[in-house]
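As provided, my_file.cif (mmCIF, C-alpha atoms) reads as follows.
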```cif
data_final
loop_
_atom_site.group_PDB
_atom_site.id
_atom_site.type_symbol
_atom_site.label_atom_id
_atom_site.label_comp_id
_atom_site.auth_asym_id
_atom_site.auth_seq_id
_atom_site.Cartn_x
_atom_site.Cartn_y
_atom_site.Cartn_z
ATOM 1 C CA MET A 1 3.729 -7.426 12.536
ATOM 2 C CA LEU A 2 6.269 -8.123 15.216
ATOM 3 C CA ARG A 3 6.571 -11.853 15.366
ATOM 4 C CA ASN A 4 8.203 -14.265 17.756
ATOM 5 C CA ARG A 5 11.846 -13.268 17.712
ATOM 6 C CA THR A 6 14.910 -14.728 19.284
ATOM 7 C CA ARG A 7 16.495 -11.623 17.732
ATOM 8 C CA SER A 8 15.745 -12.172 14.053
ATOM 9 C CA PRO A 9 12.395 -13.944 14.038
ATOM 10 C CA ARG A 10 10.727 -12.412 10.967
ATOM 11 C CA PRO A 11 10.064 -15.393 8.620
ATOM 12 C CA ARG A 12 12.886 -15.812 6.107
ATOM 13 C CA GLY A 13 10.453 -16.413 3.283
ATOM 14 C CA ARG A 14 9.330 -12.801 3.430
ATOM 15 C CA ARG A 15 12.800 -11.334 2.954
ATOM 16 C CA LEU A 16 12.483 -11.714 -0.810
ATOM 17 C CA LEU A 17 9.138 -9.868 -0.769
ATOM 18 C CA ALA A 18 10.678 -7.092 1.320
ATOM 19 C CA ALA A 19 13.682 -6.877 -1.018
ATOM 20 C CA VAL A 20 11.430 -6.601 -4.080
ATOM 21 C CA THR A 21 9.467 -3.839 -2.359
ATOM 22 C CA ALA A 22 12.644 -1.928 -1.590
ATOM 23 C CA ALA A 23 13.986 -2.346 -5.137
ATOM 24 C CA ALA A 24 10.775 -0.898 -6.547
ATOM 25 C CA ALA A 25 10.933 2.001 -4.126
ATOM 26 C CA LEU A 26 14.554 2.769 -5.015
ATOM 27 C CA ALA A 27 13.703 2.628 -8.712
ATOM 28 C CA GLY A 28 10.970 5.147 -8.174
ATOM 29 C CA LEU A 29 8.274 2.625 -8.982
ATOM 30 C CA ALA A 30 6.683 2.361 -5.574
ATOM 31 C CA ALA A 31 3.580 4.491 -5.503
ATOM 32 C CA VAL A 32 0.924 4.971 -2.939
ATOM 33 C CA VAL A 33 -2.051 2.864 -3.932
ATOM 34 C CA THR A 34 -5.231 3.927 -2.256
ATOM 35 C CA HIS A 35 -8.454 1.945 -2.321
ATOM 36 C CA GLU A 36 -11.646 3.853 -1.568
ATOM 37 C CA ARG A 37 -14.531 1.915 -0.143
ATOM 38 C CA SER A 38 -16.630 4.967 0.675
ATOM 39 C CA GLY A 39 -16.401 6.543 -2.771
ATOM 40 C CA ASN A 40 -15.831 9.971 -1.231
ATOM 41 C CA GLY A 41 -12.466 10.607 -2.908
ATOM 42 C CA ALA A 42 -9.804 12.390 -0.865
ATOM 43 C CA ASP A 43 -10.290 12.979 2.814
ATOM 44 C CA ARG A 44 -12.609 15.960 2.499
ATOM 45 C CA SER A 45 -15.700 16.580 4.573
ATOM 46 C CA ALA A 46 -18.442 19.161 4.629
ATOM 47 C CA THR A 47 -18.705 18.702 8.377
ATOM 48 C CA GLY A 48 -15.209 20.082 9.014
ATOM 49 C CA ASP A 49 -14.015 19.554 12.571
ATOM 50 C CA ARG A 50 -16.711 16.958 13.196
ATOM 51 C CA THR A 51 -14.666 14.412 11.263
ATOM 52 C CA LEU A 52 -11.441 12.697 12.223
ATOM 53 C CA THR A 53 -9.133 10.425 10.244
ATOM 54 C CA VAL A 54 -7.156 7.835 12.202
ATOM 55 C CA ALA A 55 -4.455 5.651 10.652
ATOM 56 C CA THR A 56 -2.649 2.537 11.813
ATOM 57 C CA TRP A 57 0.620 1.378 10.268
ATOM 58 C CA ASN A 58 3.247 -1.212 11.152
ATOM 59 C CA MET A 59 6.358 0.534 9.822
ATOM 60 C CA CYS A 60 8.676 -2.508 9.784
ATOM 61 C CA GLY A 61 11.163 0.029 11.076
ATOM 62 C CA VAL A 62 13.762 -2.197 12.710
ATOM 63 C CA ARG A 63 16.215 -3.382 10.053
ATOM 64 C CA GLU A 64 17.541 -6.206 12.220
ATOM 65 C CA TRP A 65 14.086 -7.816 12.205
ATOM 66 C CA ASN A 66 14.410 -8.770 8.536
ATOM 67 C CA CYS A 67 13.137 -5.327 7.521
ATOM 68 C CA GLU A 68 16.394 -4.370 5.843
ATOM 69 C CA GLY A 69 14.798 -4.630 2.398
ATOM 70 C CA THR A 70 11.791 -2.426 3.040
ATOM 71 C CA GLY A 71 13.392 0.998 2.747
ATOM 72 C CA GLY A 72 15.476 3.253 4.930
ATOM 73 C CA GLU A 73 14.488 5.291 7.934
ATOM 74 C CA ASP A 74 14.208 8.510 5.930
ATOM 75 C CA ALA A 75 11.724 6.891 3.550
ATOM 76 C CA LYS A 76 9.657 5.530 6.416
ATOM 77 C CA ARG A 77 9.660 8.865 8.217
ATOM 78 C CA GLY A 78 8.624 10.630 5.037
ATOM 79 C CA ARG A 79 5.791 8.189 4.430
ATOM 80 C CA THR A 80 4.528 8.675 7.990
ATOM 81 C CA GLU A 81 4.531 12.435 7.478
ATOM 82 C CA ARG A 82 2.538 12.009 4.254
ATOM 83 C CA LEU A 83 -0.101 9.988 6.068
ATOM 84 C CA ALA A 84 -0.721 13.161 8.028
ATOM 85 C CA ALA A 85 -0.061 15.841 5.416
ATOM 86 C CA GLU A 86 -1.599 14.179 2.344
ATOM 87 C CA SER A 87 -3.993 11.560 3.709
ATOM 88 C CA GLY A 88 -5.304 13.797 6.472
ATOM 89 C CA ALA A 89 -4.648 11.460 9.393
ATOM 90 C CA ARG A 90 -4.716 13.416 12.631
ATOM 91 C CA VAL A 91 -4.118 10.449 14.922
ATOM 92 C CA LEU A 92 -1.696 7.676 13.969
ATOM 93 C CA PHE A 93 -1.137 4.288 15.569
ATOM 94 C CA LEU A 94 2.408 3.097 14.828
ATOM 95 C CA GLN A 95 3.971 -0.308 15.436
ATOM 96 C CA GLU A 96 7.528 -1.603 14.889
ATOM 97 C CA THR A 97 8.860 1.919 14.983
ATOM 98 C CA CYS A 98 11.883 3.460 16.655
ATOM 99 C CA ALA A 99 11.803 6.140 19.312
ATOM 100 C CA ALA A 100 14.008 8.465 17.267
ATOM 101 C CA ASP A 101 11.777 8.089 14.205
ATOM 102 C CA VAL A 102 8.639 8.966 16.168
ATOM 103 C CA GLU A 103 10.245 12.070 17.591
ATOM 104 C CA ALA A 104 11.632 13.118 14.201
ATOM 105 C CA VAL A 105 8.206 12.826 12.572
ATOM 106 C CA ARG A 106 6.519 14.674 15.430
ATOM 107 C CA ALA A 107 9.012 17.518 15.165
ATOM 108 C CA SER A 108 8.638 17.688 11.401
ATOM 109 C CA LEU A 109 4.847 17.903 11.607
ATOM 110 C CA GLY A 110 5.042 20.874 13.951
ATOM 111 C CA ALA A 111 4.789 21.981 17.553
ATOM 112 C CA SER A 112 1.065 21.228 17.733
ATOM 113 C CA TRP A 113 1.708 17.499 17.312
ATOM 114 C CA HIS A 114 2.139 15.169 20.282
ATOM 115 C CA ALA A 115 3.582 11.678 20.662
ATOM 116 C CA GLU A 116 3.488 8.876 23.198
ATOM 117 C CA PHE A 117 5.960 6.025 22.711
ATOM 118 C CA ARG A 118 6.361 2.746 24.577
ATOM 119 C CA ALA A 119 9.228 0.321 24.066
ATOM 120 C CA TYR A 120 8.867 -3.389 23.488
ATOM 121 C CA THR A 121 10.534 -5.373 26.238
ATOM 122 C CA TRP A 122 12.437 -8.612 26.104
ATOM 123 C CA ARG A 123 11.836 -10.940 29.047
ATOM 124 C CA GLY A 124 14.638 -13.441 29.447
ATOM 125 C CA ARG A 125 14.509 -16.866 31.009
ATOM 126 C CA ASP A 126 15.898 -15.322 34.173
ATOM 127 C CA GLY A 127 12.873 -13.026 34.391
ATOM 128 C CA ARG A 128 14.804 -9.851 33.623
ATOM 129 C CA ARG A 129 13.189 -7.323 31.301
ATOM 130 C CA THR A 130 15.133 -5.089 28.946
ATOM 131 C CA ALA A 131 13.960 -2.622 26.323
ATOM 132 C CA VAL A 132 14.280 -3.890 22.759
ATOM 133 C CA ARG A 133 16.703 -1.672 20.871
ATOM 134 C CA CYS A 134 16.419 -0.601 17.266
ATOM 135 C CA GLY A 135 20.039 -1.550 16.730
ATOM 136 C CA ALA A 136 21.334 1.361 14.659
ATOM 137 C CA PRO A 137 23.123 4.059 16.681
ATOM 138 C CA GLY A 138 20.940 6.931 17.784
ATOM 139 C CA ARG A 139 17.587 5.333 16.964
ATOM 140 C CA GLY A 140 16.734 4.335 20.523
ATOM 141 C CA SER A 141 14.273 1.621 21.515
ATOM 142 C CA ALA A 142 11.881 -0.255 19.259
ATOM 143 C CA GLY A 143 8.234 0.044 20.155
ATOM 144 C CA TYR A 144 4.753 1.289 19.374
ATOM 145 C CA ALA A 145 3.346 4.787 19.553
ATOM 146 C CA LEU A 146 0.466 7.223 19.372
ATOM 147 C CA LEU A 147 1.055 10.305 17.229
ATOM 148 C CA SER A 148 -1.593 13.015 17.421
ATOM 149 C CA ALA A 149 -2.306 16.497 16.095
ATOM 150 C CA TYR A 150 -4.141 17.124 19.373
ATOM 151 C CA PRO A 151 -3.009 16.942 23.005
ATOM 152 C CA LEU A 152 -3.198 13.469 24.536
ATOM 153 C CA SER A 153 -4.306 13.031 28.143
ATOM 154 C CA SER A 154 -5.012 10.122 30.501
ATOM 155 C CA VAL A 155 -2.277 8.145 28.743
ATOM 156 C CA ARG A 156 -2.066 4.608 30.075
ATOM 157 C CA ALA A 157 -0.663 1.211 29.239
ATOM 158 C CA VAL A 158 -3.347 -1.478 29.446
ATOM 159 C CA PRO A 159 -2.320 -4.648 31.331
ATOM 160 C CA ALA A 160 -2.678 -7.818 29.266
ATOM 161 C CA PRO A 161 -1.225 -11.342 29.287
ATOM 162 C CA GLN A 162 2.338 -11.459 27.949
ATOM 163 C CA PRO A 163 4.889 -14.194 27.166
ATOM 164 C CA ALA A 164 7.020 -15.471 30.019
ATOM 165 C CA VAL A 165 10.055 -15.547 27.722
ATOM 166 C CA GLY A 166 10.306 -13.437 24.593
ATOM 167 C CA VAL A 167 9.123 -10.113 23.201
ATOM 168 C CA GLN A 168 6.404 -8.391 25.184
ATOM 169 C CA ARG A 169 4.244 -6.074 23.118
ATOM 170 C CA GLY A 170 1.467 -3.915 24.485
ATOM 171 C CA ILE A 171 -1.635 -1.735 24.402
ATOM 172 C CA LEU A 172 -1.457 2.038 24.785
ATOM 173 C CA CYS A 173 -4.519 4.268 25.243
ATOM 174 C CA ALA A 174 -5.095 8.003 25.524
ATOM 175 C CA PHE A 175 -7.899 10.550 25.501
ATOM 176 C CA VAL A 176 -8.237 13.137 22.714
ATOM 177 C CA ALA A 177 -10.261 15.918 24.326
ATOM 178 C CA ALA A 178 -10.579 17.852 21.053
ATOM 179 C CA HIS A 179 -12.862 15.086 19.763
ATOM 180 C CA ASP A 180 -14.028 13.645 23.109
ATOM 181 C CA LEU A 181 -12.509 10.356 22.010
ATOM 182 C CA THR A 182 -10.530 7.467 23.508
ATOM 183 C CA VAL A 183 -7.882 6.001 21.198
ATOM 184 C CA CYS A 184 -5.872 2.819 21.732
ATOM 185 C CA THR A 185 -3.089 1.278 19.693
ATOM 186 C CA ALA A 186 -2.230 -2.386 20.173
ATOM 187 C CA HIS A 187 0.351 -4.882 18.991
ATOM 188 C CA LEU A 188 -0.616 -8.427 19.920
ATOM 189 C CA THR A 189 1.439 -11.572 20.384
ATOM 190 C CA PRO A 190 1.411 -14.062 17.487
ATOM 191 C CA ARG A 191 1.236 -17.787 17.983
ATOM 192 C CA GLY A 192 4.540 -19.137 19.254
ATOM 193 C CA GLY A 193 5.408 -15.806 20.843
ATOM 194 C CA ASP A 194 6.357 -17.374 24.172
ATOM 195 C CA LEU A 195 9.669 -19.196 23.826
ATOM 196 C CA ALA A 196 9.045 -21.059 27.079
ATOM 197 C CA HIS A 197 5.501 -22.097 26.119
ATOM 198 C CA PRO A 198 5.251 -21.939 22.300
ATOM 199 C CA ASP A 199 1.739 -23.444 22.254
ATOM 200 C CA ARG A 200 0.319 -20.855 24.631
ATOM 201 C CA GLU A 201 -2.261 -18.457 23.118
ATOM 202 C CA PHE A 202 -2.192 -14.795 24.198
ATOM 203 C CA ARG A 203 -4.369 -13.015 21.665
ATOM 204 C CA ALA A 204 -7.679 -13.981 23.286
ATOM 205 C CA GLY A 205 -6.693 -12.398 26.603
ATOM 206 C CA GLN A 206 -5.083 -9.422 24.899
ATOM 207 C CA LEU A 207 -8.149 -8.739 22.731
ATOM 208 C CA LYS A 208 -10.347 -8.950 25.804
ATOM 209 C CA ALA A 209 -8.119 -6.428 27.582
ATOM 210 C CA LEU A 210 -8.141 -4.118 24.559
ATOM 211 C CA VAL A 211 -11.922 -4.100 24.201
ATOM 212 C CA GLY A 212 -12.340 -3.663 27.950
ATOM 213 C CA ALA A 213 -10.224 -0.507 27.859
ATOM 214 C CA VAL A 214 -12.485 1.468 25.513
ATOM 215 C CA PRO A 215 -15.935 3.037 25.884
ATOM 216 C CA GLU A 216 -18.884 1.612 23.988
ATOM 217 C CA ARG A 217 -19.204 4.511 21.571
ATOM 218 C CA ARG A 218 -16.628 7.286 21.517
ATOM 219 C CA THR A 219 -13.507 5.369 20.598
ATOM 220 C CA VAL A 220 -11.187 4.353 17.778
ATOM 221 C CA TYR A 221 -8.861 1.478 18.551
ATOM 222 C CA GLY A 222 -6.855 -1.207 16.781
ATOM 223 C CA GLY A 223 -3.389 -1.745 15.386
ATOM 224 C CA ASP A 224 -1.479 -4.855 14.379
ATOM 225 C CA LEU A 225 -3.543 -7.604 16.005
ATOM 226 C CA ASN A 226 -1.625 -10.489 14.404
ATOM 227 C CA VAL A 227 -4.718 -12.532 13.565
ATOM 228 C CA ASP A 228 -7.134 -12.872 10.649
ATOM 229 C CA PRO A 229 -10.763 -11.746 11.035
ATOM 230 C CA PRO A 230 -13.175 -14.245 12.572
ATOM 231 C CA GLY A 231 -14.994 -16.526 10.164
ATOM 232 C CA GLU A 232 -15.388 -20.050 8.884
ATOM 233 C CA ARG A 233 -12.018 -19.972 7.124
ATOM 234 C CA ASN A 234 -10.103 -18.871 10.202
ATOM 235 C CA PRO A 235 -9.325 -21.755 12.572
ATOM 236 C CA LEU A 236 -8.241 -19.189 15.168
ATOM 237 C CA SER A 237 -11.598 -17.417 15.279
ATOM 238 C CA ARG A 238 -11.931 -18.560 18.882
ATOM 239 C CA VAL A 239 -9.427 -15.917 19.988
ATOM 240 C CA TRP A 240 -11.934 -13.184 19.105
ATOM 241 C CA PRO A 241 -14.313 -12.205 21.928
ATOM 242 C CA ASP A 242 -17.932 -11.284 21.154
ATOM 243 C CA GLN A 243 -16.620 -7.789 21.045
ATOM 244 C CA PRO A 244 -15.257 -5.959 19.161
ATOM 245 C CA TYR A 245 -17.374 -6.983 16.152
ATOM 246 C CA GLY A 246 -20.443 -7.383 18.368
ATOM 247 C CA THR A 247 -20.324 -3.807 19.675
ATOM 248 C CA HIS A 248 -18.140 -1.808 17.313
ATOM 249 C CA ARG A 249 -17.629 -1.540 13.588
ATOM 250 C CA GLU A 250 -14.322 -2.333 11.948
ATOM 251 C CA CYS A 251 -12.988 -0.044 9.230
ATOM 252 C CA ASP A 252 -13.765 -2.635 6.531
ATOM 253 C CA GLY A 253 -17.056 -3.703 8.120
ATOM 254 C CA THR A 254 -18.145 -7.175 9.193
ATOM 255 C CA PRO A 255 -16.094 -9.856 7.416
ATOM 256 C CA GLY A 256 -17.963 -12.288 5.208
ATOM 257 C CA PRO A 257 -17.884 -14.091 1.852
ATOM 258 C CA LEU A 258 -19.759 -11.300 0.071
ATOM 259 C CA ARG A 259 -17.505 -8.569 1.417
ATOM 260 C CA PRO A 260 -14.182 -9.964 2.563
ATOM 261 C CA ALA A 261 -11.834 -7.670 4.412
ATOM 262 C CA ARG A 262 -8.992 -6.343 2.321
ATOM 263 C CA PRO A 263 -5.502 -7.675 3.159
ATOM 264 C CA THR A 264 -3.123 -5.373 5.000
ATOM 265 C CA HIS A 265 0.009 -7.539 4.786
ATOM 266 C CA VAL A 266 2.107 -8.767 1.871
ATOM 267 C CA SER A 267 1.121 -12.321 2.808
ATOM 268 C CA ARG A 268 -2.450 -11.409 1.711
ATOM 269 C CA HIS A 269 -3.742 -11.603 5.277
ATOM 270 C CA LYS A 270 -5.617 -8.902 7.147
ATOM 271 C CA LEU A 271 -3.665 -8.299 10.332
ATOM 272 C CA ASP A 272 -4.326 -4.590 10.912
ATOM 273 C CA TYR A 273 -7.607 -3.216 12.259
ATOM 274 C CA LEU A 274 -9.422 -0.048 13.271
ATOM 275 C CA PHE A 275 -12.636 -0.331 15.305
ATOM 276 C CA THR A 276 -15.024 2.416 16.361
ATOM 277 C CA GLY A 277 -18.403 3.035 17.924
ATOM 278 C CA LEU A 278 -18.878 6.204 15.865
ATOM 279 C CA PRO A 279 -20.353 6.528 12.363
ATOM 280 C CA VAL A 280 -17.801 5.483 9.729
ATOM 281 C CA LEU A 281 -17.511 7.869 6.779
ATOM 282 C CA GLY A 282 -14.731 6.102 4.910
ATOM 283 C CA CYS A 283 -12.113 3.339 5.017
ATOM 284 C CA ARG A 284 -8.911 3.084 3.007
ATOM 285 C CA VAL A 285 -6.009 0.691 2.615
ATOM 286 C CA SER A 286 -2.822 2.390 1.447
ATOM 287 C CA ASP A 287 0.292 0.632 0.164
ATOM 288 C CA THR A 288 3.146 2.696 1.547
ATOM 289 C CA GLY A 289 5.867 0.959 -0.451
ATOM 290 C CA VAL A 290 8.229 0.897 2.531
ATOM 291 C CA SER A 291 6.838 -1.821 4.805
ATOM 292 C CA ASP A 292 5.450 -5.337 4.641
ATOM 293 C CA HIS A 293 2.230 -3.858 6.080
ATOM 294 C CA ARG A 294 -0.156 -1.491 4.359
ATOM 295 C CA ALA A 295 -1.565 1.460 6.244
ATOM 296 C CA LEU A 296 -5.239 1.401 7.196
ATOM 297 C CA LEU A 297 -7.174 4.673 7.543
ATOM 298 C CA ILE A 298 -10.642 5.264 8.926
ATOM 299 C CA ARG A 299 -12.652 8.494 8.836
ATOM 300 C CA VAL A 300 -15.299 8.911 11.511
ATOM 301 C CA ASP A 301 -17.940 11.446 12.461
ATOM 302 C CA THR A 302 -17.123 12.648 15.965
ATOM 303 C CA GLY A 303 -19.965 15.152 16.068
ATOM 304 C CA THR A 304 -22.519 12.624 17.299
ATOM 305 C CA GLY A 305 -23.668 12.607 20.920
ATOM 306 C CA THR A 306 -21.843 11.025 23.796
ATOM 307 C CA GLY A 307 -22.454 7.468 24.857
#
```
Let me see the structure of the file written as structure tokens.
Amino acid sequence: MLRNRTRSPRPRGRRLLAAVTAAAALAGLAAVVTHERSGNGADRSATGDRTLTVATWNMCGVREWNCEGTGGEDAKRGRTERLAAESGARVLFLQETCAADVEAVRASLGASWHAEFRAYTWRGRDGRRTAVRCGAPGRGSAGYALLSAYPLSSVRAVPAPQPAVGVQRGILCAFVAAHDLTVCTAHLTPRGGDLAHPDREFRAGQLKALVGAVPERRTVYGGDLNVDPPGERNPLSRVWPDQPYGTHRECDGTPGPLRPARPTHVSRHKLDYLFTGLPVLGCRVSDTGVSDHRALLIRVDTGTGTG
């Protein structure tokens, strides 16, 4: 979750959690914990190419954003590769990553893999925009990305309201012809994200733009949306439009007291989402051990008709 940053805006209270996570990882105690809601075990399917697993993960990959205690770049790259090699993800939505890390993972996975990366921008009070850098030499810009085992076409950034002063995140969509599917990764602006107007709310407009960019059925979209699911316990439920829950299904289903959505962040909040209009065959939350976010994976049946 990329929060409001003047350059080091990740809440200080979470540094201890990140440090504990890193210590466990270095001691060899951090293990991938996978929760199966579908009961289907590993990502196997009798329908073969009709199924697709999509993952979203905020890597917490920029050390200068209070991610210094969540593991090094090699560990994060290796965990991203395992999401593909071991968990079967063939499309990955990545947030808070570095351009060099995305390219390194793509190259490691093989020539058939493709990547689209977009940098976060910093808009100053003078109106000038600059790419947000990862800080360490050779790692390039910080941003969000699509990583795919299939060619990506019709790649486009989706316009959405952004802060006048501060970090500008974004929405990136592409078409996966191999599955006749539109995919979109998003990283939305948390409350207080505009340094000039800290009370201004952007998520409602950004969610509307995200939902408006996808077809009704053949899509998987989501990412780090920086907001809890709608419901009586969420005072910010108003930022959610009737869609996506009204038209699409989220990986964990419709939130409610009998089946609450599983948290995806160390703060015990659900901030990461995957929505689809296709039949859902499975949903998993995976603790990577090298981020303050857990990875979320959805398996869908892409063999259904168009619509």
Output check: residues returned by the PyMOL selection byres ((chain A and resi 256-270) around 8), as a list in words: Leu17, Val227, Asp228, Pro229, Gly231, Asp252, Gly253, Thr254, Pro255, Leu271, Asp272, Tyr273, Val285, Asp292, His293, Arg294, Ala295 and Leu296 of chain A
Nearest to Gly193 in chain A by atom-to-atom distance, counting all atoms listed in the file, from A:Gln95, A:Thr56, A:Asn226, A:Thr304: A:Asn226
Distance of CA of Ala186 in chain A from CA of Leu225 in chain A, expressed in Å to one decimal place: 6.8 Å
Ground truth for the PyMOL selection byres ((chain A and resi 64) around 8), written as a VMD selection string: chain A and resid 7 to 8 62 to 63 65 to 68 134 to 135
Residues in the PyMOL selection byres ((chain A and resi 249) around 10), expressed as a PyMOL selection string: chain A and resi 220+243-248+250-254+274-280
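Among A:Ala104, A:Val165, A:Ala119, A:Leu94, the residue with the shortest atom-to-atom distance to Gly138 in chain A, counting only C-alpha atoms, is A:Ala104.
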Find the smallest box with edges along x, y and z containing every listed atom of range 194-208 of chain A, then add 6 Å on each side and report centre and edge lengths in Å to one decimal, as lines of an AutoDock Vina configuration file.
```
center_x = -0.3
center_y = -16.1
center_z = 24.4
size_x = 32.0
size_y = 26.7
size_z = 17.4
```
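Distance check against Gly205 in chain A using only C-alpha atoms: of A:Ala99, A:Val158, A:Leu83, A:Ala149, the minimum falls on A:Val158.
Here CA of Ile298 in chain A stands at a distance of 17.5 Å from CA of Ala178 in chain A.
Our summary of the geometry notes that CA of Leu297 in chain A is positioned 8.5 Å from CA of Ser87 in chain A.
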Give me, as a compact mmCIF listing (two decimals) with C-alpha atoms, keeping the file's coordinate frame, all polymer residues having an atom no more than 12 Å from Arg129 in chain A, counting all atoms listed in the file and skipping those fewer than 5 positions away in the same chain.
```
# COMPACT_ATOMS: atom_id res chain seq x y z
CA ALA A 119 9.23 0.32 24.07
CA TYR A 120 8.87 -3.39 23.49
CA THR A 121 10.53 -5.37 26.24
CA TRP A 122 12.44 -8.61 26.10
CA ARG A 123 11.84 -10.94 29.05
CA GLY A 124 14.64 -13.44 29.45
CA PRO A 163 4.89 -14.19 27.17
CA ALA A 164 7.02 -15.47 30.02
CA VAL A 165 10.06 -15.55 27.72
CA GLY A 166 10.31 -13.44 24.59
CA VAL A 167 9.12 -10.11 23.20
CA GLN A 168 6.40 -8.39 25.18
```
